[in-house]
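Engineer: Okay, here's the structure, questions in a sec.
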Amino acid sequence: QQGQQQQQGQGQGQEQQKGQGQGQQLVFKLHATFKLTAAAADPELQLEVPAPLLGLLPAVSLPPWGPHMCLMEYTPRLVDLLQGAVDSLCAVLAAKHQLFESLSSALGPPLEYNPRDSSALYSLCCEGAPLLLLVDASSPRFPEDKPTLTLTNVRLLGVGPDGGRTYKDYPWSPRWSPGEMAARMHNWLKDEAVAFLKLRA
């Protein structure tokens with residue numbers, strides 16, 4: 001008789017990673033389905049990512065299942081892979097947080113800040129004109145991908161499409177520290193804000 005045997009383990013099919021910062025426990029569940037057939041077949045594997053990491057953790061490619069392998073052999077490989085992915089994610093999130101802290105020191109507290117989406121809205125003033133600056137660092141490839149900056153002239157809100165401009169061509173290097181990224185962004189904004197207003201005068 002053919003059937004399916006699913007193991008979701010306590011220890012075998014369920015892997016746990018401890019989160020950083022507040023000791024939160026993040027539980028990854030590995031669902032392994034074994035088909036009882038005449039010929040040996042690899043199990044169907046599905047990884048369940050904990051809800052707090054959905055949309056944050058890049059897609060994880062499961063390690064290949066080797067010949068004559070069992071879950072006791074497979075899970076340590078998966079644990080190492082997940083630990084590396086979580087550690088990399090934590091490093092990226094920490095760098096983004098430091099960037100926004102440095103920007104807030106230079107520009108003042110943000111009007112809005114979304115740490116999960118890695119975006120913040122700042123209020124600026126250039127030559128007496130109120131401006132809004134949206135900093136979007138949501139790319140999972142940060143710092144290789146620089147944040148997207150959007151300047152908006154508050155006085156032209158709702159008037160037409162010329163009230164704002166989005167930038168991706170400002171000075172940036174992924175090798176800089178978050179503090180230097182913010183400082184160079186701030187220096188660039190001083191000149192660009194003036195040019196932005198002149199084009200929309």
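Here's how to read the names in the structure tokens: chain A, B, ... by the order shown, residue numbers from 1 in each chain, ligand numbers from 1 in the order shown.
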Mind checking which residues fall within 10 Å of region 133-137 of chain A, counting only C-alpha atoms, ignoring those fewer than 2 positions away in the same chain, and posting them as a PyMOL selection string?
Structural biologist: chain A and resi 96+99-100+103+107+110-115+117-124+131+139-143+145-153+164-167+189+193
Engineer: When DSSP works through the backbone of this structure, what residues of region 115-197 of chain A end up as helix (DSSP H, G or I), shown as a VMD selection string?
Structural biologist: chain A and resid 154 to 156 161 to 163 178 to 197
Engineer: List every residue of chain A that DSSP, applied to the backbone of this structure, assigns to strand (DSSP E), and report them as a PyMOL selection string.
Structural biologist: chain A and resi 4-7+14-18+25-35+44-48+112-114+119-126+129-136+148-153+164-167
Engineer: Return the single residue from A:Leu78, A:Leu89, A:Met72, A:Ala59 that is closest to Lys29 (chain A), with distances computed using only C-alpha atoms.
Structural biologist: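 Distance minimum relative to Lys29 (chain A) lands on A:Leu78.
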Engineer: State, in Å with one decimal place, the distance from CA of Glu48 (chain A) to CA of Thr33 (chain A).
Structural biologist: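 Distance reported for this atom pair: 13.7 Å.
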Engineer: Quick check, in Å to one decimal: how far apart do CA of Leu93 (chain A) and CA of Gly55 (chain A) lie?
Structural biologist: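 Straight-line distance from CA of Leu93 (chain A) to CA of Gly55 (chain A) works out to 12.8 Å.
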Engineer: What does the distance from CA of His31 (chain A) to CA of Leu82 (chain A) come to in Å, to one decimal?
Structural biologist: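 CA of Leu82 (chain A) lies 15.1 Å from CA of His31 (chain A).
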Engineer: Which is closer to Ser102 (chain A) than all the others in A:Leu199, A:Ala182, A:Ala40, A:Val194, using only C-alpha atoms?
Structural biologist: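 For Ser102 (chain A), the nearest of the candidates is A:Ala182.
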